[in-house]
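Visitor: Pasting in a structure now, in structure tokens, and then I'll have a few things to ask.
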Amino acid sequence: MSSLTSSQKGELMDQVKQQIAVANAQELLTKMTEKCFKKCVGKPGTVLDSSEQKCIAMCMDRFMDSWNLVSRTYGQRLQRERSNM
Amino acid sequence: MSDFDSLNKNEGDAELQEFLMVEKQKAQVNAQIHEFNEICWDKCVDKPSNKLDSRTETCLANCVDRFIDTSLLITNRFAQLLSQKSGGGLQ
């Protein structure tokens, strides 16, 4: 591999970070759709009715709350395990 | 000049490698969070409402910690079983 200039390297790093962020958002979106469909659409009708739509909107918000809480809890656990080593 | 070149190249590679290692670790932690969230969402969240109530929050936090405990327990016991098998001869 030929060596990169520092600006090329910076660009590469930014690209990697961006691709990871996109992959993360996609994962969140996929999981959220799956879970909220399961929770909110009991018997699929001819349209998404307004109560289903409301449920889905709330479900999205709670799913993100849950993600953040899980993330915090896991982070604390990692720190505890590290300080026990 | 060739010394200079190779020095620069090595340094660049080290920096990139370091960067990629850190990003990879972050990605692994993130994937783990997605997995925990999926498991614990199914266990703890009933009908979505205006906010996560405190019971659900406690359940989610406990769920993550107990899942990790379970994983550690199973890993340790599994390792024990394996070492018993290889150390104590075949049954």
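By order in the structure tokens, chains are A, B, ...; within a chain, residues start at 1; ligands start at 1, following the order shown.
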Please identify every residue of range 17-61 of chain B that has at least one atom no farther than 12 Å from an atom of range 67-74 of chain B, counting only C-alpha atoms, and for each give the shortest atom pair and the distance in Å to one decimal, arranged by chain then increasing number, as a tab-separated table.
Guide:
residue	atom	partner	partner_atom	distance
B:Gln32	CA	B:Ile68	CA	10.7
B:Ile33	CA	B:Ile68	CA	11.6
B:Glu35	CA	B:Phe67	CA	10.8
B:Phe36	CA	B:Phe67	CA	8.0
B:Asn37	CA	B:Phe67	CA	11.0
B:Ile39	CA	B:Phe67	CA	9.1
B:Cys40	CA	B:Phe67	CA	8.9
B:Lys43	CA	B:Phe67	CA	11.4
B:Cys59	CA	B:Phe67	CA	11.7
B:Leu60	CA	B:Phe67	CA	10.5
B:Ala61	CA	B:Phe67	CA	10.1
Visitor: Residues of chain A near chain B: apply a cut-off of 9 Å, count only C-alpha atoms, and supply the list as an mmCIF file with C-alpha atoms, in the first residue's frame.
Guide:
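Generated file (out-v8.cif):
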data_model
loop_
_atom_site.group_PDB
_atom_site.id
_atom_site.type_symbol
_atom_site.label_atom_id
_atom_site.label_comp_id
_atom_site.auth_asym_id
_atom_site.auth_seq_id
_atom_site.Cartn_x
_atom_site.Cartn_y
_atom_site.Cartn_z
ATOM 1 C CA SER A 2 1.401 3.394 -0.881
ATOM 2 C CA SER A 3 1.523 5.828 1.981
ATOM 3 C CA LEU A 4 -1.290 8.311 2.343
ATOM 4 C CA THR A 5 -0.983 12.002 2.931
ATOM 5 C CA SER A 6 -2.399 13.135 6.235
ATOM 6 C CA LYS A 9 -5.866 9.672 5.928
ATOM 7 C CA MET A 13 -11.114 8.002 8.767
ATOM 8 C CA VAL A 16 -15.073 4.881 7.918
ATOM 9 C CA LYS A 17 -16.812 6.725 10.743
ATOM 10 C CA ILE A 20 -20.278 2.903 10.681
ATOM 11 C CA ASN A 24 -25.777 1.711 13.009
ATOM 12 C CA GLU A 27 -29.627 -1.607 12.318
ATOM 13 C CA LEU A 28 -31.676 0.573 14.656
ATOM 14 C CA LYS A 31 -34.970 -3.600 14.684
ATOM 15 C CA LYS A 35 -40.424 -4.686 17.102
ATOM 16 C CA CYS A 36 -42.992 -1.930 16.627
ATOM 17 C CA LYS A 39 -46.337 -4.520 19.136
ATOM 18 C CA CYS A 40 -48.675 -2.231 17.262
ATOM 19 C CA CYS A 55 -48.795 3.341 18.717
ATOM 20 C CA ILE A 56 -45.943 3.111 16.223
ATOM 21 C CA MET A 58 -44.798 6.021 20.661
ATOM 22 C CA CYS A 59 -43.121 2.696 20.174
ATOM 23 C CA MET A 60 -40.277 4.345 18.228
ATOM 24 C CA ASP A 61 -39.687 6.842 21.018
ATOM 25 C CA ARG A 62 -39.751 4.147 23.708
ATOM 26 C CA PHE A 63 -37.489 1.925 21.629
ATOM 27 C CA ASP A 65 -35.329 5.295 25.297
ATOM 28 C CA SER A 66 -34.761 1.599 25.819
ATOM 29 C CA TRP A 67 -31.685 1.602 23.571
ATOM 30 C CA ASN A 68 -30.177 4.491 25.496
ATOM 31 C CA LEU A 69 -30.906 2.889 28.854
ATOM 32 C CA VAL A 70 -29.424 -0.434 27.741
ATOM 33 C CA SER A 71 -26.397 1.389 26.389
ATOM 34 C CA ARG A 72 -25.877 3.219 29.692
ATOM 35 C CA THR A 73 -26.319 0.058 31.755
ATOM 36 C CA TYR A 74 -23.899 -1.882 29.579
ATOM 37 C CA GLY A 75 -21.370 0.959 29.725
ATOM 38 C CA ARG A 77 -21.103 -2.787 33.594
#
Visitor: In Å, with one decimal, what is the gap from CA of Lys38 in chain A to CA of Ala57 in chain A?
Guide: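 It comes out at 13.4 Å.
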Visitor: Report, in Å with one decimal, the straight-line distance from CA of Ala25 in chain A to CA of Met64 in chain A.
Guide: 11.4 Å
Visitor: If DSSP is run on the backbone, what residues of chain A are alpha helix (DSSP H)? A reply as a PyMOL selection string would be ideal.
Guide: chain A and resi 6-40+50-83
Visitor: Interatomic distance between CA of Arg77 in chain B and CA of Glu81 in chain A?
Guide: 19.0 Å
